[in-house]
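Enquirer: Below is one structure. I have some questions about it.
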Amino acid sequence: MAPLSEVKFIKGHGTGNDFNLVPDLEGTLELGPAQVRFLADRHTGLGADGVIRVVRTARVAEVAHLADQAEWFMDYRNADGSIAEMCGNGARVFVRFLDATGLITDDEVFIATRAGALRVTMHRDLSITIDMGPARSLDSDGGTVSVSGHTWPIVAVAMPNPHAIAWVEDLEQAGDLAQAPSIAMTQAFPDGANVEFAVKRGIDHVAMRVFERGVGETLSCGTGACAVAWAALRADAAMPGTGRTVRVDVPGGTVFVTEDERSHLLLRGPADLVARGTVLLP
C-alpha cells in the first residue's frame, strides 16, 4: 500500500463555487494531478470545484518574477487535476484565507496568478474586489454551442480563461448540463473552454449558468461572470461600457462586475471560509 501524507486543508467558497486550499507556504509539497482529483472528489475525497495551493511566489519558478509585486501565489487546479490560468471566485477565497491567517495585513494587496499579478481590495462589508484585467475577444465567426437539442451562436472571450458565451431566452434551455456542451466551428478554443448560458434581466443585469472546463456545472464562475458582463456591455451599443457595473446572478448568489477607465474588469463578491482540518493525501 502506498504511503499517505497528512496535510492541512481549508474549505471555502465564493457564491457556491467551492475550493480546498492547501497551505504550502515554503513550496515543499508535491501536489500532482491525481492528488488534486482526490481532494476534489465529492465521494471519495473532500469535494470541491477546484484546489488552490497557497505558496510564496518566490518559491515557484514559473511565477518567481512576480515576487517583487506579490508575496503569495495562487496555484490553482481544476477538479480534474488540470491547471487553469485563473479563477475569480477562487482568488477571493484565497485572499480571505490570507487575511484570516494574518499572512496579509493591508486592505489592498497584489496576489500572483498564472494570469499575472492582480490587485485585490477588501471592503468593510467583507466583500472582495479582484482586478481581473481586460477581456480579449476571440475569433468565433460561425462558432456555435449545442446542448439538450438546442444550438446557439457564441461570443468567444478570453478572461484569461477561454469562455464561450451563448445568449439564451431561458436558462432552463441548457438542460441538466450533466454532459459537456458541444462547441463547433471555431478554432478559438484549442484547449477547450468554459461555456456560459446567459440571459438579460434588465439594464446592466444578467443571469448565467456555466459548465466549467475540467469541472462540470458549478454554482458560480468568476472569470465567466466577467466574460458575460463584458459581452453584455458590448451588446449594448447605445451606452459606453466604461464606469458601468453589471449585476451577474449565478445559481450560488450574485457578483458585480465594473469596467474601469482602463477597460479592466473589477469583480466584487463575497468569500467564505467554512472548515479546516487535515486530510490523508495519497
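Starting from 1 in every chain, residues are counted up; chains themselves are A, B, ... following the order of the C-alpha cells, and ligands are numbered from 1 as listed.
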Could you go through region 25-212 of chain A and tell me which residues DSSP, when run on the backbone, assigns to strand (DSSP E or B), listing them as number ranges by chain?
Expert: A: 50-56, 72-78, 83, 108-113, 116-122, 128-134, 136-138, 144-147, 150-153, 155-158, 162-167, 182-184, 194-202, 205-212
Enquirer: Put those residues in a file: C-alpha atoms, as a CSV table (one decimal), in the first residue's frame.
Expert:
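Generated file (out.csv):
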```csv
chain,number,residue,atom,x,y,z
A,50,GLY,CA,-11.0,23.3,-7.5
A,51,VAL,CA,-7.9,23.1,-5.4
A,52,ILE,CA,-5.6,26.0,-4.5
A,53,ARG,CA,-2.1,25.6,-3.2
A,54,VAL,CA,-1.1,28.6,-1.1
A,55,VAL,CA,2.7,29.2,-1.6
A,56,ARG,CA,5.2,32.0,-1.5
A,72,TRP,CA,1.7,35.0,-2.4
A,73,PHE,CA,1.0,32.8,-5.4
A,74,MET,CA,-2.5,31.2,-6.0
A,75,ASP,CA,-1.6,27.8,-7.5
A,76,TYR,CA,-5.0,26.9,-8.9
A,77,ARG,CA,-6.0,23.5,-10.3
A,78,ASN,CA,-9.3,22.3,-11.8
A,83,ILE,CA,-4.0,23.7,-14.4
A,108,GLU,CA,-5.2,46.4,-0.7
A,109,VAL,CA,-2.6,43.9,-1.9
A,110,PHE,CA,-1.4,42.1,-5.0
A,111,ILE,CA,-1.6,38.3,-5.5
A,112,ALA,CA,0.4,36.3,-8.1
A,113,THR,CA,-1.6,34.1,-10.5
A,116,GLY,CA,0.0,37.8,-13.7
A,117,ALA,CA,-0.1,39.9,-10.5
A,118,LEU,CA,-3.6,41.0,-9.7
A,119,ARG,CA,-4.7,43.9,-7.4
A,120,VAL,CA,-7.1,43.0,-4.6
A,121,THR,CA,-9.2,45.3,-2.4
A,122,MET,CA,-11.0,44.1,0.7
A,128,ILE,CA,-13.6,41.4,-2.0
A,129,THR,CA,-12.8,43.0,-5.4
A,130,ILE,CA,-10.3,41.4,-7.8
A,131,ASP,CA,-8.9,43.5,-10.7
A,132,MET,CA,-9.2,40.8,-13.3
A,133,GLY,CA,-7.6,42.8,-16.1
A,134,PRO,CA,-9.0,43.3,-19.6
A,136,ARG,CA,-9.9,39.8,-25.0
A,137,SER,CA,-12.2,39.0,-27.9
A,138,LEU,CA,-11.5,35.7,-29.6
A,144,THR,CA,-21.8,27.5,-32.0
A,145,VAL,CA,-22.6,25.6,-28.9
A,146,SER,CA,-25.1,22.8,-28.6
A,147,VAL,CA,-26.7,21.1,-25.7
A,150,HIS,CA,-30.6,23.5,-28.8
A,151,THR,CA,-27.8,25.3,-30.7
A,152,TRP,CA,-26.8,28.9,-30.3
A,153,PRO,CA,-24.1,31.2,-31.8
A,155,VAL,CA,-19.3,35.1,-28.2
A,156,ALA,CA,-15.7,33.9,-27.5
A,157,VAL,CA,-13.8,35.7,-24.8
A,158,ALA,CA,-10.5,35.2,-23.0
A,162,PRO,CA,-11.4,30.8,-22.6
A,163,HIS,CA,-15.1,31.3,-22.5
A,164,ALA,CA,-17.9,30.5,-25.0
A,165,ILE,CA,-21.0,32.6,-24.2
A,166,ALA,CA,-24.4,31.7,-25.6
A,167,TRP,CA,-27.2,34.2,-25.1
A,182,SER,CA,-20.5,20.7,-27.7
A,183,ILE,CA,-18.6,23.6,-29.3
A,184,ALA,CA,-18.4,23.6,-33.1
A,194,ASN,CA,-15.9,27.2,-20.1
A,195,VAL,CA,-19.4,27.6,-21.6
A,196,GLU,CA,-21.8,30.2,-20.2
A,197,PHE,CA,-25.5,30.3,-20.9
A,198,ALA,CA,-26.7,33.9,-20.2
A,199,VAL,CA,-29.9,35.9,-20.2
A,200,LYS,CA,-30.5,39.6,-19.9
A,201,ARG,CA,-32.7,40.5,-16.9
A,202,GLY,CA,-32.6,44.3,-17.4
A,205,HIS,CA,-28.4,43.0,-15.1
A,206,VAL,CA,-27.8,39.5,-16.4
A,207,ALA,CA,-28.0,35.9,-15.1
A,208,MET,CA,-26.0,32.9,-16.1
A,209,ARG,CA,-25.2,29.2,-15.8
A,210,VAL,CA,-21.8,27.8,-16.5
A,211,PHE,CA,-20.2,24.5,-17.4
A,212,GLU,CA,-16.6,24.8,-16.4
```
Enquirer: Report the distance between CA of Leu219 (chain A) and CA of Pro251 (chain A) in Å, rounded to one decimal place.
Expert: 5.0 Å
Enquirer: So how far away is CA of Asp99 (chain A) from CA of Asp260 (chain A), in Å?
Expert: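 Value for the CA of Asp260 (chain A)-CA of Asp99 (chain A) distance: 25.5 Å.
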Enquirer: Name all residues at most 9 Å from Asp204 (chain A) (count only C-alpha atoms; drop same-chain ones fewer than 6 positions away) and give them as a PyMOL selection string.
Expert: chain A and resi 229+232-233+244-248
Enquirer: For the residues selected in the previous step, produce a file with C-alpha atoms as a compact mmCIF listing (two decimals), in the first residue's frame.
Expert:
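Listed below is the output, selection-v2.txt:
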```txt
# COMPACT_ATOMS: atom_id res chain seq x y z
CA ALA A 229 -20.59 41.20 -18.22
CA ALA A 232 -23.36 42.37 -22.22
CA LEU A 233 -21.76 45.83 -22.20
CA ARG A 244 -20.69 50.82 -15.64
CA THR A 245 -21.37 47.99 -13.22
CA VAL A 246 -23.18 44.83 -14.27
CA ARG A 247 -25.00 42.67 -11.76
CA VAL A 248 -24.46 38.98 -12.56
```
Enquirer: Pull the closest atom pair for each residue of region 66-121 of chain A that gets at most 8 Å from region 14-17 of chain A, along with the distance in Å to one decimal, counting only C-alpha atoms, ordering rows by chain and then ascending residue number, as JSON lines.
Expert:
```
{"residue": "A:Asn89", "atom": "CA", "partner": "A:Gly14", "partner_atom": "CA", "distance": 5.1}
{"residue": "A:Gly90", "atom": "CA", "partner": "A:Gly14", "partner_atom": "CA", "distance": 6.9}
{"residue": "A:Arg92", "atom": "CA", "partner": "A:Gly14", "partner_atom": "CA", "distance": 7.0}
{"residue": "A:Val93", "atom": "CA", "partner": "A:Gly14", "partner_atom": "CA", "distance": 6.4}
```
Enquirer: Counting only C-alpha atoms, what is within 12 Å of His13 (chain A), bar same-chain residues fewer than 3 positions away, as JSON, numbers by chain?
Expert: {"A": [10, 16, 17, 18, 19, 20, 21, 47, 48, 49, 50, 51, 52, 87, 88, 89, 90, 91, 92, 93, 94, 95, 96, 97, 218, 219, 220, 221, 222, 252, 253, 269, 270, 271, 272, 273, 274, 275]}
Enquirer: Using only C-alpha atoms, which of A:Gly102, A:Gly224, A:Pro190, A:Gly45 sits nearest Met86 (chain A)?
Expert: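 Ranking A:Gly102, A:Gly224, A:Pro190, A:Gly45 by distance to Met86 (chain A), first place goes to A:Gly224.
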Enquirer: Can you list every residue in region 143-258 of chain A that DSSP puts in alpha helix (DSSP H), as a VMD selection string?
Expert: chain A and resid 222 to 235
Enquirer: Would you save the residues from that selection as a PDB file, in the first residue's frame, using N, CA and C atoms?
Expert:
```
ATOM      1  N   GLY A 222     -16.169  33.071 -11.547  1.00  0.00           N
ATOM      2  CA  GLY A 222     -15.787  34.481 -11.532  1.00  0.00           C
ATOM      3  C   GLY A 222     -15.317  34.994 -12.875  1.00  0.00           C
ATOM      4  N   THR A 223     -14.423  34.243 -13.545  1.00  0.00           N
ATOM      5  CA  THR A 223     -13.977  34.693 -14.857  1.00  0.00           C
ATOM      6  C   THR A 223     -15.134  34.658 -15.855  1.00  0.00           C
ATOM      7  N   GLY A 224     -16.044  33.677 -15.680  1.00  0.00           N
ATOM      8  CA  GLY A 224     -17.218  33.611 -16.550  1.00  0.00           C
ATOM      9  C   GLY A 224     -18.148  34.787 -16.351  1.00  0.00           C
ATOM     10  N   ALA A 225     -18.344  35.201 -15.097  1.00  0.00           N
ATOM     11  CA  ALA A 225     -19.174  36.372 -14.820  1.00  0.00           C
ATOM     12  C   ALA A 225     -18.592  37.612 -15.484  1.00  0.00           C
ATOM     13  N   CYS A 226     -17.252  37.744 -15.420  1.00  0.00           N
ATOM     14  CA  CYS A 226     -16.603  38.885 -16.071  1.00  0.00           C
ATOM     15  C   CYS A 226     -16.778  38.827 -17.590  1.00  0.00           C
ATOM     16  N   ALA A 227     -16.618  37.642 -18.153  1.00  0.00           N
ATOM     17  CA  ALA A 227     -16.764  37.498 -19.601  1.00  0.00           C
ATOM     18  C   ALA A 227     -18.186  37.840 -20.045  1.00  0.00           C
ATOM     19  N   VAL A 228     -19.185  37.373 -19.295  1.00  0.00           N
ATOM     20  CA  VAL A 228     -20.582  37.656 -19.646  1.00  0.00           C
ATOM     21  C   VAL A 228     -20.880  39.143 -19.486  1.00  0.00           C
ATOM     22  N   ALA A 229     -20.382  39.765 -18.409  1.00  0.00           N
ATOM     23  CA  ALA A 229     -20.593  41.201 -18.220  1.00  0.00           C
ATOM     24  C   ALA A 229     -19.961  41.989 -19.357  1.00  0.00           C
ATOM     25  N   TRP A 230     -18.757  41.613 -19.730  1.00  0.00           N
ATOM     26  CA  TRP A 230     -18.060  42.271 -20.847  1.00  0.00           C
ATOM     27  C   TRP A 230     -18.886  42.166 -22.132  1.00  0.00           C
ATOM     28  N   ALA A 231     -19.388  40.976 -22.413  1.00  0.00           N
ATOM     29  CA  ALA A 231     -20.187  40.769 -23.619  1.00  0.00           C
ATOM     30  C   ALA A 231     -21.489  41.555 -23.557  1.00  0.00           C
ATOM     31  N   ALA A 232     -22.103  41.630 -22.368  1.00  0.00           N
ATOM     32  CA  ALA A 232     -23.357  42.372 -22.220  1.00  0.00           C
ATOM     33  C   ALA A 232     -23.142  43.855 -22.477  1.00  0.00           C
ATOM     34  N   LEU A 233     -22.048  44.403 -21.981  1.00  0.00           N
ATOM     35  CA  LEU A 233     -21.763  45.826 -22.202  1.00  0.00           C
ATOM     36  C   LEU A 233     -21.528  46.108 -23.680  1.00  0.00           C
ATOM     37  N   ARG A 234     -20.900  45.203 -24.390  1.00  0.00           N
ATOM     38  CA  ARG A 234     -20.645  45.431 -25.806  1.00  0.00           C
ATOM     39  C   ARG A 234     -21.870  45.163 -26.666  1.00  0.00           C
ATOM     40  N   ALA A 235     -22.805  44.404 -26.144  1.00  0.00           N
ATOM     41  CA  ALA A 235     -24.059  44.189 -26.875  1.00  0.00           C
ATOM     42  C   ALA A 235     -24.969  45.404 -26.765  1.00  0.00           C
TER      43      ALA A 235
END
```
